[in-house]
file work-v8.cif (mmCIF, N, CA and C atoms)
data_query
loop_
_atom_site.label_atom_id
_atom_site.label_comp_id
_atom_site.auth_asym_id
_atom_site.auth_seq_id
_atom_site.Cartn_x
_atom_site.Cartn_y
_atom_site.Cartn_z
N MET A 10 8.24 -22.70 32.71
CA MET A 10 8.24 -21.47 33.48
C MET A 10 8.94 -21.70 34.82
N LYS A 11 9.79 -20.80 35.18
CA LYS A 11 10.54 -20.92 36.44
C LYS A 11 9.66 -20.56 37.62
N ASN A 12 9.75 -21.33 38.69
CA ASN A 12 8.98 -21.08 39.91
C ASN A 12 9.55 -19.85 40.62
N LYS A 13 8.72 -18.83 40.83
CA LYS A 13 9.17 -17.60 41.50
C LYS A 13 9.70 -17.87 42.89
N ASN A 14 9.13 -18.85 43.57
CA ASN A 14 9.56 -19.16 44.94
C ASN A 14 11.00 -19.65 45.01
N MET A 15 11.53 -20.12 43.90
CA MET A 15 12.89 -20.64 43.90
C MET A 15 13.92 -19.54 44.14
N THR A 16 13.55 -18.27 43.98
CA THR A 16 14.49 -17.17 44.15
C THR A 16 14.58 -16.69 45.59
N LEU A 17 13.85 -17.30 46.50
CA LEU A 17 13.83 -16.84 47.88
C LEU A 17 15.14 -17.12 48.62
N ALA A 18 15.81 -18.18 48.24
CA ALA A 18 17.00 -18.59 48.99
C ALA A 18 18.19 -17.72 48.67
N ARG A 19 19.05 -17.55 49.67
CA ARG A 19 20.34 -16.89 49.51
C ARG A 19 21.38 -17.80 50.12
N GLN A 20 22.63 -17.46 49.97
CA GLN A 20 23.68 -18.30 50.54
C GLN A 20 23.53 -18.37 52.06
N PRO A 21 23.82 -19.52 52.65
CA PRO A 21 23.73 -19.63 54.10
C PRO A 21 24.65 -18.65 54.80
N ALA A 22 24.22 -18.20 55.96
CA ALA A 22 24.99 -17.23 56.72
C ALA A 22 26.15 -17.88 57.46
N HIS A 23 26.20 -19.20 57.49
CA HIS A 23 27.27 -19.90 58.19
C HIS A 23 27.79 -21.04 57.33
N THR A 24 28.96 -21.50 57.63
CA THR A 24 29.51 -22.66 56.92
C THR A 24 29.96 -23.67 57.95
N SER A 25 30.08 -24.90 57.51
CA SER A 25 30.49 -25.94 58.45
C SER A 25 31.94 -25.76 58.88
N SER A 26 32.74 -25.04 58.10
CA SER A 26 34.16 -24.89 58.44
C SER A 26 34.38 -24.05 59.70
N ASN A 27 33.45 -23.12 60.00
CA ASN A 27 33.66 -22.29 61.18
C ASN A 27 32.94 -22.84 62.41
N THR A 28 32.46 -24.04 62.33
CA THR A 28 31.76 -24.62 63.48
C THR A 28 32.56 -25.73 64.13
N SER A 29 33.83 -25.89 63.75
CA SER A 29 34.62 -27.00 64.29
C SER A 29 34.92 -26.84 65.78
N SER A 30 34.89 -25.62 66.30
CA SER A 30 35.19 -25.40 67.71
C SER A 30 33.93 -25.38 68.59
N ILE A 31 32.80 -25.73 68.03
CA ILE A 31 31.54 -25.73 68.78
C ILE A 31 31.53 -26.86 69.80
N GLN A 32 31.14 -26.53 71.00
CA GLN A 32 30.92 -27.53 72.04
C GLN A 32 29.42 -27.84 72.04
N PRO A 33 29.04 -29.09 71.83
CA PRO A 33 27.60 -29.41 71.85
C PRO A 33 26.97 -28.96 73.17
N PRO A 34 25.70 -28.58 73.13
CA PRO A 34 25.06 -28.11 74.36
C PRO A 34 24.95 -29.21 75.40
N ASP A 35 24.85 -28.78 76.65
CA ASP A 35 24.63 -29.69 77.75
C ASP A 35 23.13 -30.01 77.74
N TRP A 36 22.78 -31.23 77.34
CA TRP A 36 21.37 -31.57 77.19
C TRP A 36 20.64 -31.58 78.53
N SER A 37 21.36 -31.54 79.65
CA SER A 37 20.67 -31.54 80.94
C SER A 37 20.19 -30.14 81.34
N GLU A 38 20.66 -29.09 80.63
CA GLU A 38 20.19 -27.73 80.92
C GLU A 38 18.77 -27.56 80.40
N VAL A 39 17.96 -26.77 81.11
CA VAL A 39 16.62 -26.46 80.63
C VAL A 39 16.76 -25.48 79.46
N PRO A 40 16.19 -25.81 78.30
CA PRO A 40 16.31 -24.94 77.13
C PRO A 40 15.66 -23.58 77.34
N GLN A 41 16.14 -22.58 76.60
CA GLN A 41 15.57 -21.24 76.74
C GLN A 41 14.10 -21.22 76.32
N GLY A 42 13.78 -21.81 75.17
CA GLY A 42 12.38 -21.98 74.80
C GLY A 42 11.72 -20.87 74.01
N LEU A 43 12.49 -19.96 73.41
CA LEU A 43 11.88 -18.97 72.53
C LEU A 43 11.67 -19.58 71.15
N ILE A 44 10.56 -19.25 70.53
CA ILE A 44 10.31 -19.68 69.16
C ILE A 44 10.56 -18.46 68.27
N ARG A 45 11.46 -18.63 67.30
CA ARG A 45 11.81 -17.54 66.38
C ARG A 45 11.60 -18.06 64.95
N ASN A 46 11.25 -17.18 64.05
CA ASN A 46 11.22 -17.52 62.63
C ASN A 46 12.52 -17.03 62.03
N VAL A 47 13.23 -17.92 61.33
CA VAL A 47 14.51 -17.58 60.71
C VAL A 47 14.47 -17.95 59.23
N ARG A 48 15.37 -17.35 58.47
CA ARG A 48 15.46 -17.68 57.04
C ARG A 48 15.80 -19.15 56.87
N GLN A 49 15.05 -19.81 56.01
CA GLN A 49 15.25 -21.24 55.75
C GLN A 49 16.68 -21.54 55.32
N ASN A 50 17.30 -20.64 54.55
CA ASN A 50 18.63 -20.94 54.02
C ASN A 50 19.71 -20.93 55.10
N CYS A 51 19.38 -20.58 56.32
CA CYS A 51 20.33 -20.65 57.43
C CYS A 51 20.34 -22.04 58.06
N LEU A 52 19.41 -22.88 57.65
CA LEU A 52 19.24 -24.19 58.26
C LEU A 52 19.52 -25.32 57.27
N LYS A 53 19.98 -26.44 57.79
CA LYS A 53 20.10 -27.65 56.98
C LYS A 53 18.72 -28.30 56.83
N PHE A 54 17.99 -28.32 57.95
CA PHE A 54 16.67 -28.94 57.97
C PHE A 54 15.74 -28.23 56.98
N GLY A 55 15.05 -28.98 56.15
CA GLY A 55 14.07 -28.41 55.24
C GLY A 55 14.60 -27.95 53.91
N ARG A 56 15.89 -28.11 53.67
CA ARG A 56 16.45 -27.66 52.39
C ARG A 56 15.98 -28.47 51.20
N ASN A 57 15.46 -29.66 51.45
CA ASN A 57 15.05 -30.52 50.37
C ASN A 57 13.56 -30.40 50.03
N ARG A 58 12.92 -29.36 50.52
CA ARG A 58 11.50 -29.13 50.21
C ARG A 58 11.31 -28.94 48.72
N GLN A 59 10.22 -29.47 48.18
CA GLN A 59 9.93 -29.27 46.76
C GLN A 59 9.55 -27.81 46.50
N ILE A 60 8.77 -27.24 47.41
CA ILE A 60 8.40 -25.83 47.31
C ILE A 60 9.06 -25.12 48.48
N PRO A 61 10.10 -24.33 48.20
CA PRO A 61 10.84 -23.71 49.31
C PRO A 61 9.99 -22.70 50.09
N VAL A 62 10.34 -22.55 51.35
CA VAL A 62 9.74 -21.51 52.18
C VAL A 62 10.84 -20.52 52.53
N GLU A 63 10.46 -19.28 52.76
CA GLU A 63 11.47 -18.28 53.08
C GLU A 63 11.87 -18.35 54.56
N TYR A 64 10.90 -18.62 55.44
CA TYR A 64 11.16 -18.66 56.88
C TYR A 64 10.69 -19.97 57.47
N ARG A 65 11.36 -20.39 58.55
CA ARG A 65 11.01 -21.61 59.27
C ARG A 65 11.14 -21.33 60.77
N PRO A 66 10.23 -21.90 61.59
CA PRO A 66 10.37 -21.71 63.04
C PRO A 66 11.52 -22.53 63.61
N VAL A 67 12.16 -21.97 64.62
CA VAL A 67 13.17 -22.69 65.39
C VAL A 67 12.88 -22.46 66.87
N LEU A 68 13.30 -23.42 67.66
CA LEU A 68 13.14 -23.34 69.12
C LEU A 68 14.53 -23.17 69.71
N THR A 69 14.75 -22.08 70.45
CA THR A 69 16.08 -21.79 70.98
C THR A 69 16.38 -22.66 72.20
N LEU A 70 17.65 -23.12 72.24
CA LEU A 70 18.09 -23.94 73.36
C LEU A 70 19.05 -23.18 74.25
N VAL A 71 20.22 -22.84 73.73
CA VAL A 71 21.24 -22.16 74.52
C VAL A 71 22.14 -21.34 73.59
N LYS A 72 22.64 -20.23 74.11
CA LYS A 72 23.52 -19.35 73.34
C LYS A 72 24.98 -19.68 73.67
N GLN A 73 25.83 -19.69 72.63
CA GLN A 73 27.26 -19.95 72.82
C GLN A 73 28.04 -19.10 71.82
N ASN A 74 28.96 -18.30 72.32
CA ASN A 74 29.80 -17.45 71.46
C ASN A 74 28.99 -16.58 70.49
N GLY A 75 27.89 -16.03 70.98
CA GLY A 75 27.07 -15.12 70.18
C GLY A 75 26.14 -15.80 69.18
N ARG A 76 26.13 -17.13 69.16
CA ARG A 76 25.25 -17.87 68.26
C ARG A 76 24.36 -18.79 69.09
N TRP A 77 23.34 -19.33 68.45
CA TRP A 77 22.35 -20.12 69.16
C TRP A 77 22.29 -21.56 68.67
N PHE A 78 22.13 -22.48 69.61
CA PHE A 78 21.73 -23.84 69.28
C PHE A 78 20.21 -23.81 69.19
N VAL A 79 19.68 -24.32 68.09
CA VAL A 79 18.23 -24.29 67.87
C VAL A 79 17.77 -25.65 67.34
N LEU A 80 16.49 -25.91 67.54
CA LEU A 80 15.83 -27.05 66.93
C LEU A 80 14.93 -26.52 65.82
N PRO A 81 15.13 -26.95 64.57
CA PRO A 81 14.26 -26.48 63.49
C PRO A 81 12.88 -27.13 63.59
N GLY A 82 11.88 -26.38 63.17
CA GLY A 82 10.51 -26.86 63.32
C GLY A 82 9.75 -26.95 62.02
N THR A 83 8.63 -27.65 62.10
CA THR A 83 7.71 -27.80 60.98
C THR A 83 6.30 -27.93 61.55
N SER A 84 5.32 -27.61 60.73
CA SER A 84 3.94 -27.84 61.17
C SER A 84 3.39 -29.12 60.53
N LYS A 85 4.21 -29.78 59.71
CA LYS A 85 3.79 -31.04 59.09
C LYS A 85 3.77 -32.15 60.14
N PRO A 86 2.64 -32.81 60.33
CA PRO A 86 2.55 -33.89 61.32
C PRO A 86 3.62 -34.96 61.08
N GLN A 87 4.21 -35.44 62.17
CA GLN A 87 5.32 -36.39 62.08
C GLN A 87 4.98 -37.77 62.65
N GLY A 88 3.70 -38.04 62.79
CA GLY A 88 3.28 -39.35 63.30
C GLY A 88 3.84 -39.60 64.69
N ASP A 89 4.34 -40.79 64.90
CA ASP A 89 4.89 -41.17 66.21
C ASP A 89 6.41 -41.10 66.24
N SER A 90 7.00 -40.33 65.36
CA SER A 90 8.46 -40.26 65.31
C SER A 90 9.02 -39.74 66.63
N PRO A 91 9.96 -40.47 67.23
CA PRO A 91 10.55 -40.01 68.49
C PRO A 91 11.53 -38.85 68.27
N TYR A 92 11.83 -38.52 67.02
CA TYR A 92 12.82 -37.49 66.72
C TYR A 92 12.21 -36.11 66.51
N PHE A 93 10.90 -35.99 66.79
CA PHE A 93 10.24 -34.69 66.72
C PHE A 93 9.52 -34.44 68.03
N PHE A 94 9.77 -33.25 68.60
CA PHE A 94 9.12 -32.85 69.84
C PHE A 94 7.87 -32.06 69.47
N ARG A 95 6.72 -32.58 69.84
CA ARG A 95 5.44 -31.95 69.47
C ARG A 95 5.05 -30.89 70.49
N VAL A 96 4.72 -29.71 69.97
CA VAL A 96 4.14 -28.64 70.79
C VAL A 96 2.71 -28.48 70.31
N PRO A 97 1.73 -28.99 71.07
CA PRO A 97 0.34 -28.95 70.63
C PRO A 97 -0.19 -27.52 70.52
N ALA A 98 -0.99 -27.29 69.49
CA ALA A 98 -1.56 -25.96 69.26
C ALA A 98 -2.37 -25.48 70.45
N GLU A 99 -3.07 -26.40 71.09
CA GLU A 99 -3.95 -26.02 72.19
C GLU A 99 -3.25 -25.94 73.54
N SER A 100 -1.94 -26.17 73.56
CA SER A 100 -1.20 -26.17 74.82
C SER A 100 -1.19 -24.79 75.48
N PRO A 101 -1.58 -24.70 76.76
CA PRO A 101 -1.50 -23.42 77.45
C PRO A 101 -0.04 -23.04 77.76
N ASP A 102 0.89 -23.97 77.54
CA ASP A 102 2.31 -23.71 77.79
C ASP A 102 3.05 -23.17 76.57
N CYS A 103 2.32 -22.91 75.49
CA CYS A 103 2.94 -22.35 74.29
C CYS A 103 2.19 -21.07 73.92
N LEU A 104 2.92 -19.98 73.90
CA LEU A 104 2.34 -18.68 73.56
C LEU A 104 2.94 -18.22 72.24
N THR A 105 2.09 -17.91 71.26
CA THR A 105 2.59 -17.45 69.97
C THR A 105 1.92 -16.13 69.57
N ARG A 106 2.56 -15.44 68.64
CA ARG A 106 2.04 -14.18 68.13
C ARG A 106 1.15 -14.39 66.92
N SER A 107 0.93 -15.60 66.53
CA SER A 107 0.18 -15.91 65.33
C SER A 107 -1.29 -16.12 65.65
N THR A 108 -2.15 -15.71 64.73
CA THR A 108 -3.57 -16.00 64.89
C THR A 108 -3.87 -17.39 64.35
N GLU A 109 -2.96 -17.91 63.51
CA GLU A 109 -3.10 -19.26 62.98
C GLU A 109 -2.48 -20.23 63.98
N VAL A 110 -3.32 -21.00 64.65
CA VAL A 110 -2.85 -21.91 65.69
C VAL A 110 -2.78 -23.31 65.11
N ARG A 111 -1.58 -23.92 65.18
CA ARG A 111 -1.41 -25.30 64.72
C ARG A 111 -0.27 -25.95 65.49
N ASP A 112 -0.28 -27.27 65.49
CA ASP A 112 0.79 -28.00 66.16
C ASP A 112 2.13 -27.68 65.51
N GLN A 113 3.18 -27.66 66.32
CA GLN A 113 4.54 -27.50 65.82
C GLN A 113 5.33 -28.74 66.22
N PHE A 114 6.23 -29.15 65.34
CA PHE A 114 7.08 -30.31 65.58
C PHE A 114 8.52 -29.85 65.42
N PHE A 115 9.33 -30.01 66.48
CA PHE A 115 10.72 -29.56 66.45
C PHE A 115 11.64 -30.76 66.37
N PHE A 116 12.54 -30.73 65.38
CA PHE A 116 13.42 -31.86 65.06
C PHE A 116 14.59 -31.95 66.03
N ALA A 117 14.97 -33.17 66.40
CA ALA A 117 16.03 -33.41 67.38
C ALA A 117 17.42 -33.03 66.86
N GLY A 118 17.57 -32.80 65.57
CA GLY A 118 18.86 -32.41 64.99
C GLY A 118 19.16 -30.95 65.26
N CYS A 119 19.91 -30.69 66.30
CA CYS A 119 20.23 -29.34 66.76
C CYS A 119 21.15 -28.65 65.74
N GLU A 120 20.86 -27.39 65.43
CA GLU A 120 21.69 -26.60 64.52
C GLU A 120 22.23 -25.38 65.25
N PHE A 121 23.30 -24.80 64.76
CA PHE A 121 24.02 -23.70 65.40
C PHE A 121 24.00 -22.51 64.44
N ILE A 122 23.27 -21.44 64.80
CA ILE A 122 23.08 -20.33 63.86
C ILE A 122 23.27 -18.97 64.53
N ASN A 123 23.49 -17.96 63.71
CA ASN A 123 23.56 -16.58 64.15
C ASN A 123 22.19 -15.97 63.86
N MET A 124 21.48 -15.57 64.89
CA MET A 124 20.12 -15.05 64.73
C MET A 124 20.08 -13.79 63.86
N LYS A 125 21.07 -12.92 64.02
CA LYS A 125 21.11 -11.69 63.24
C LYS A 125 21.23 -11.98 61.75
N ASP A 126 22.17 -12.87 61.40
CA ASP A 126 22.38 -13.22 60.00
C ASP A 126 21.17 -13.91 59.39
N CYS A 127 20.36 -14.52 60.22
CA CYS A 127 19.20 -15.28 59.75
C CYS A 127 17.91 -14.48 59.80
N ASP A 128 18.03 -13.17 60.08
CA ASP A 128 16.87 -12.29 60.11
C ASP A 128 15.78 -12.83 61.05
N ALA A 129 16.19 -13.24 62.25
CA ALA A 129 15.27 -13.86 63.21
C ALA A 129 14.17 -12.90 63.64
N GLN A 130 12.96 -13.44 63.71
CA GLN A 130 11.79 -12.68 64.14
C GLN A 130 11.12 -13.43 65.29
N ASP A 131 10.78 -12.69 66.35
CA ASP A 131 10.09 -13.30 67.49
C ASP A 131 8.76 -13.89 67.03
N PHE A 132 8.46 -15.08 67.52
CA PHE A 132 7.20 -15.73 67.16
C PHE A 132 6.43 -16.18 68.39
N GLY A 133 7.15 -16.64 69.42
CA GLY A 133 6.47 -17.12 70.60
C GLY A 133 7.44 -17.71 71.61
N LEU A 134 6.89 -18.43 72.57
CA LEU A 134 7.73 -19.08 73.58
C LEU A 134 6.98 -20.24 74.19
N ILE A 135 7.77 -21.16 74.76
CA ILE A 135 7.16 -22.24 75.53
C ILE A 135 7.49 -21.98 77.00
N GLN A 136 6.53 -22.25 77.85
CA GLN A 136 6.71 -21.95 79.26
C GLN A 136 7.42 -23.10 79.99
N GLN A 137 7.73 -22.87 81.25
CA GLN A 137 8.61 -23.73 82.03
C GLN A 137 8.25 -25.22 82.00
N ARG A 138 7.00 -25.54 82.19
CA ARG A 138 6.60 -26.96 82.24
C ARG A 138 6.95 -27.68 80.92
N LEU A 139 6.68 -27.02 79.80
CA LEU A 139 6.99 -27.60 78.50
C LEU A 139 8.50 -27.59 78.23
N ARG A 140 9.21 -26.58 78.74
CA ARG A 140 10.67 -26.53 78.59
C ARG A 140 11.33 -27.68 79.35
N ILE A 141 10.80 -28.03 80.51
CA ILE A 141 11.34 -29.15 81.27
C ILE A 141 11.11 -30.46 80.51
N ALA A 142 9.91 -30.62 79.94
CA ALA A 142 9.62 -31.81 79.13
C ALA A 142 10.54 -31.87 77.91
N LEU A 143 10.79 -30.71 77.30
CA LEU A 143 11.71 -30.64 76.16
C LEU A 143 13.12 -31.07 76.58
N GLY A 144 13.58 -30.59 77.73
CA GLY A 144 14.91 -30.96 78.23
C GLY A 144 15.05 -32.46 78.43
N LYS A 145 14.02 -33.10 78.97
CA LYS A 145 14.05 -34.56 79.16
C LYS A 145 14.09 -35.28 77.82
N TRP A 146 13.29 -34.78 76.87
CA TRP A 146 13.27 -35.37 75.52
C TRP A 146 14.65 -35.21 74.85
N LEU A 147 15.27 -34.04 75.00
CA LEU A 147 16.59 -33.80 74.41
C LEU A 147 17.64 -34.76 74.98
N ASN A 148 17.54 -35.08 76.26
CA ASN A 148 18.48 -36.03 76.86
C ASN A 148 18.45 -37.38 76.16
N GLN A 149 17.29 -37.75 75.65
CA GLN A 149 17.15 -39.02 74.95
C GLN A 149 17.46 -38.91 73.46
N HIS A 150 17.04 -37.81 72.82
CA HIS A 150 17.06 -37.75 71.36
C HIS A 150 17.92 -36.64 70.77
N GLY A 151 18.36 -35.68 71.57
CA GLY A 151 19.09 -34.54 71.04
C GLY A 151 20.43 -34.93 70.43
N ARG A 152 20.76 -34.30 69.31
CA ARG A 152 22.04 -34.54 68.64
C ARG A 152 22.34 -33.35 67.74
N MET A 153 23.56 -33.22 67.34
CA MET A 153 23.97 -32.17 66.42
C MET A 153 23.64 -32.62 64.99
N ALA A 154 23.08 -31.72 64.20
CA ALA A 154 22.75 -32.04 62.80
C ALA A 154 23.99 -32.03 61.95
#
call {"tool": "encode", "arguments": {"input": "work-v8.cif", "output": "C-alpha cells"}}
result
Amino acid sequence: MKNKNMTLARQPAHTSSNTSSIQPPDWSEVPQGLIRNVRQNCLKFGRNRQIPVEYRPVLTLVKQNGRWFVLPGTSKPQGDSPYFFRVPAESPDCLTRSTEVRDQFFFAGCEFINMKDCDAQDFGLIQQRLRIALGKWLNQHGRMA
C-alpha cells in the first residue's frame, strides 16, 4: 500500500541554476529573526525524511533580491551538535503562535528561498537578545547549504 503522505511534495519552487548570482549574507548582521513555516519541498534540509512532512519551520536572516536567506529548523533534539542553534521552548525571547511548546533547532546550512512560492506562514519570532546570540553563532558556524 502506498503511503498517502508521499503525495505531499511538489517540485521545488527554486533551482540551483538561478542562485549563481547570490551573495552570501553578511554573518555580522543581526538576523531578522522571524520564524515561518514553509513547504518542505522548498528546502534541501529534511528531504531525506522517511516520513515526509508538508511544512517545516525556518528562521529568517536577511532578504536579498526579493528572496530570503533562512535557517531550516527541526524539533528533533540534536545533542551537542555545534551546527544547530537551539531555541529553548521555555525561552522568554521566543514568541510563537503555537500552543504546542517545544525546543527548536535551526541548522547552520543557510538556504535561499522565495517565501511566496513556499506558502510561508507566520509562526513566531525571536527577540533581540536571542537574535544577537544567533548572529554570534552564525559567525562561527553559518554557511550556505
call {"tool": "residues_around", "arguments": {"input": "work-v8.cif", "residues": "Val96 (chain A)", "least_positions_apart": "4", "cutoff": "10 Å", "atoms": "only C-alpha atoms", "output": "list in words"}}
result
Gly82, Ser84, Ser100, Asp102, Cys103, Arg111, Asp112, Gln113, Phe114, Phe115, Ile135, Leu139 and Leu143 of chain A
call {"tool": "write_last_selection", "arguments": {"input": "work-v8.cif", "atoms": "N, CA and C atoms", "output": "PDB file, in the frame of the given file"}}
result
ATOM      1  N   GLY A  82      11.880 -26.380  63.170  1.00  0.00           N
ATOM      2  CA  GLY A  82      10.510 -26.860  63.320  1.00  0.00           C
ATOM      3  C   GLY A  82       9.750 -26.950  62.020  1.00  0.00           C
ATOM      4  N   SER A  84       5.320 -27.610  60.730  1.00  0.00           N
ATOM      5  CA  SER A  84       3.940 -27.840  61.170  1.00  0.00           C
ATOM      6  C   SER A  84       3.390 -29.120  60.530  1.00  0.00           C
ATOM      7  N   SER A 100      -1.940 -26.170  73.560  1.00  0.00           N
ATOM      8  CA  SER A 100      -1.200 -26.170  74.820  1.00  0.00           C
ATOM      9  C   SER A 100      -1.190 -24.790  75.480  1.00  0.00           C
ATOM     10  N   ASP A 102       0.890 -23.970  77.540  1.00  0.00           N
ATOM     11  CA  ASP A 102       2.310 -23.710  77.790  1.00  0.00           C
ATOM     12  C   ASP A 102       3.050 -23.170  76.570  1.00  0.00           C
ATOM     13  N   CYS A 103       2.320 -22.910  75.490  1.00  0.00           N
ATOM     14  CA  CYS A 103       2.940 -22.350  74.290  1.00  0.00           C
ATOM     15  C   CYS A 103       2.190 -21.070  73.920  1.00  0.00           C
ATOM     16  N   ARG A 111      -1.580 -23.920  65.180  1.00  0.00           N
ATOM     17  CA  ARG A 111      -1.410 -25.300  64.720  1.00  0.00           C
ATOM     18  C   ARG A 111      -0.270 -25.950  65.490  1.00  0.00           C
ATOM     19  N   ASP A 112      -0.280 -27.270  65.490  1.00  0.00           N
ATOM     20  CA  ASP A 112       0.790 -28.000  66.160  1.00  0.00           C
ATOM     21  C   ASP A 112       2.130 -27.680  65.510  1.00  0.00           C
ATOM     22  N   GLN A 113       3.180 -27.660  66.320  1.00  0.00           N
ATOM     23  CA  GLN A 113       4.540 -27.500  65.820  1.00  0.00           C
ATOM     24  C   GLN A 113       5.330 -28.740  66.220  1.00  0.00           C
ATOM     25  N   PHE A 114       6.230 -29.150  65.340  1.00  0.00           N
ATOM     26  CA  PHE A 114       7.080 -30.310  65.580  1.00  0.00           C
ATOM     27  C   PHE A 114       8.520 -29.850  65.420  1.00  0.00           C
ATOM     28  N   PHE A 115       9.330 -30.010  66.480  1.00  0.00           N
ATOM     29  CA  PHE A 115      10.720 -29.560  66.450  1.00  0.00           C
ATOM     30  C   PHE A 115      11.640 -30.760  66.370  1.00  0.00           C
ATOM     31  N   ILE A 135       7.770 -21.160  74.760  1.00  0.00           N
ATOM     32  CA  ILE A 135       7.160 -22.240  75.530  1.00  0.00           C
ATOM     33  C   ILE A 135       7.490 -21.980  77.000  1.00  0.00           C
ATOM     34  N   LEU A 139       6.680 -27.020  79.800  1.00  0.00           N
ATOM     35  CA  LEU A 139       6.990 -27.600  78.500  1.00  0.00           C
ATOM     36  C   LEU A 139       8.500 -27.590  78.230  1.00  0.00           C
ATOM     37  N   LEU A 143      10.790 -30.710  77.300  1.00  0.00           N
ATOM     38  CA  LEU A 143      11.710 -30.640  76.160  1.00  0.00           C
ATOM     39  C   LEU A 143      13.120 -31.070  76.580  1.00  0.00           C
TER      40      LEU A 143
END
call {"tool": "closest_residue", "arguments": {"input": "work-v8.cif", "among": "A:Ala129, A:Leu134, A:Met153, A:Ile122", "to": "Leu104 (chain A)", "atoms": "only N, CA and C atoms"}}
result
A:Leu134
call {"tool": "closest_residue", "arguments": {"input": "work-v8.cif", "among": "A:Gln149, A:Thr69, A:Ser90, A:Asn46", "to": "Cys127 (chain A)", "atoms": "all atoms listed in the file"}}
result
A:Asn46
call {"tool": "select_by_dssp", "arguments": {"input": "work-v8.cif", "residues": "chain A", "states": "helix (DSSP H, G or I)", "output": "tab-separated table (two decimals) with N, CA and C atoms, in the coordinates of the input"}}
result
chain	number	residue	atom	x	y	z
A	13	LYS	N	8.72	-18.83	40.83
A	13	LYS	CA	9.17	-17.60	41.50
A	13	LYS	C	9.70	-17.87	42.89
A	14	ASN	N	9.13	-18.85	43.57
A	14	ASN	CA	9.56	-19.16	44.94
A	14	ASN	C	11.00	-19.65	45.01
A	15	MET	N	11.53	-20.12	43.90
A	15	MET	CA	12.89	-20.64	43.90
A	15	MET	C	13.92	-19.54	44.14
A	16	THR	N	13.55	-18.27	43.98
A	16	THR	CA	14.49	-17.17	44.15
A	16	THR	C	14.58	-16.69	45.59
A	25	SER	N	30.08	-24.90	57.51
A	25	SER	CA	30.49	-25.94	58.45
A	25	SER	C	31.94	-25.76	58.88
A	26	SER	N	32.74	-25.04	58.10
A	26	SER	CA	34.16	-24.89	58.44
A	26	SER	C	34.38	-24.05	59.70
A	27	ASN	N	33.45	-23.12	60.00
A	27	ASN	CA	33.66	-22.29	61.18
A	27	ASN	C	32.94	-22.84	62.41
A	28	THR	N	32.46	-24.04	62.33
A	28	THR	CA	31.76	-24.62	63.48
A	28	THR	C	32.56	-25.73	64.13
A	49	GLN	N	15.05	-19.81	56.01
A	49	GLN	CA	15.25	-21.24	55.75
A	49	GLN	C	16.68	-21.54	55.32
A	50	ASN	N	17.30	-20.64	54.55
A	50	ASN	CA	18.63	-20.94	54.02
A	50	ASN	C	19.71	-20.93	55.10
A	51	CYS	N	19.38	-20.58	56.32
A	51	CYS	CA	20.33	-20.65	57.43
A	51	CYS	C	20.34	-22.04	58.06
A	137	GLN	N	7.73	-22.87	81.25
A	137	GLN	CA	8.61	-23.73	82.03
A	137	GLN	C	8.25	-25.22	82.00
A	138	ARG	N	7.00	-25.54	82.19
A	138	ARG	CA	6.60	-26.96	82.24
A	138	ARG	C	6.95	-27.68	80.92
A	139	LEU	N	6.68	-27.02	79.80
A	139	LEU	CA	6.99	-27.60	78.50
A	139	LEU	C	8.50	-27.59	78.23
A	140	ARG	N	9.21	-26.58	78.74
A	140	ARG	CA	10.67	-26.53	78.59
A	140	ARG	C	11.33	-27.68	79.35
A	141	ILE	N	10.80	-28.03	80.51
A	141	ILE	CA	11.34	-29.15	81.27
A	141	ILE	C	11.11	-30.46	80.51
A	142	ALA	N	9.91	-30.62	79.94
A	142	ALA	CA	9.62	-31.81	79.13
A	142	ALA	C	10.54	-31.87	77.91
A	143	LEU	N	10.79	-30.71	77.30
A	143	LEU	CA	11.71	-30.64	76.16
A	143	LEU	C	13.12	-31.07	76.58
A	144	GLY	N	13.58	-30.59	77.73
A	144	GLY	CA	14.91	-30.96	78.23
A	144	GLY	C	15.05	-32.46	78.43
A	145	LYS	N	14.02	-33.10	78.97
A	145	LYS	CA	14.05	-34.56	79.16
A	145	LYS	C	14.09	-35.28	77.82
A	146	TRP	N	13.29	-34.78	76.87
A	146	TRP	CA	13.27	-35.37	75.52
A	146	TRP	C	14.65	-35.21	74.85
A	147	LEU	N	15.27	-34.04	75.00
A	147	LEU	CA	16.59	-33.80	74.41
A	147	LEU	C	17.64	-34.76	74.98
A	148	ASN	N	17.54	-35.08	76.26
A	148	ASN	CA	18.48	-36.03	76.86
A	148	ASN	C	18.45	-37.38	76.16
A	149	GLN	N	17.29	-37.75	75.65
A	149	GLN	CA	17.15	-39.02	74.95
A	149	GLN	C	17.46	-38.91	73.46
A	150	HIS	N	17.04	-37.81	72.82
A	150	HIS	CA	17.06	-37.75	71.36
A	150	HIS	C	17.92	-36.64	70.77
call {"tool": "atom_distance", "arguments": {"input": "work-v8.cif", "atom1": "CA of Val79 (chain A)", "atom2": "CA of Thr108 (chain A)"}}
result
23.5 Å
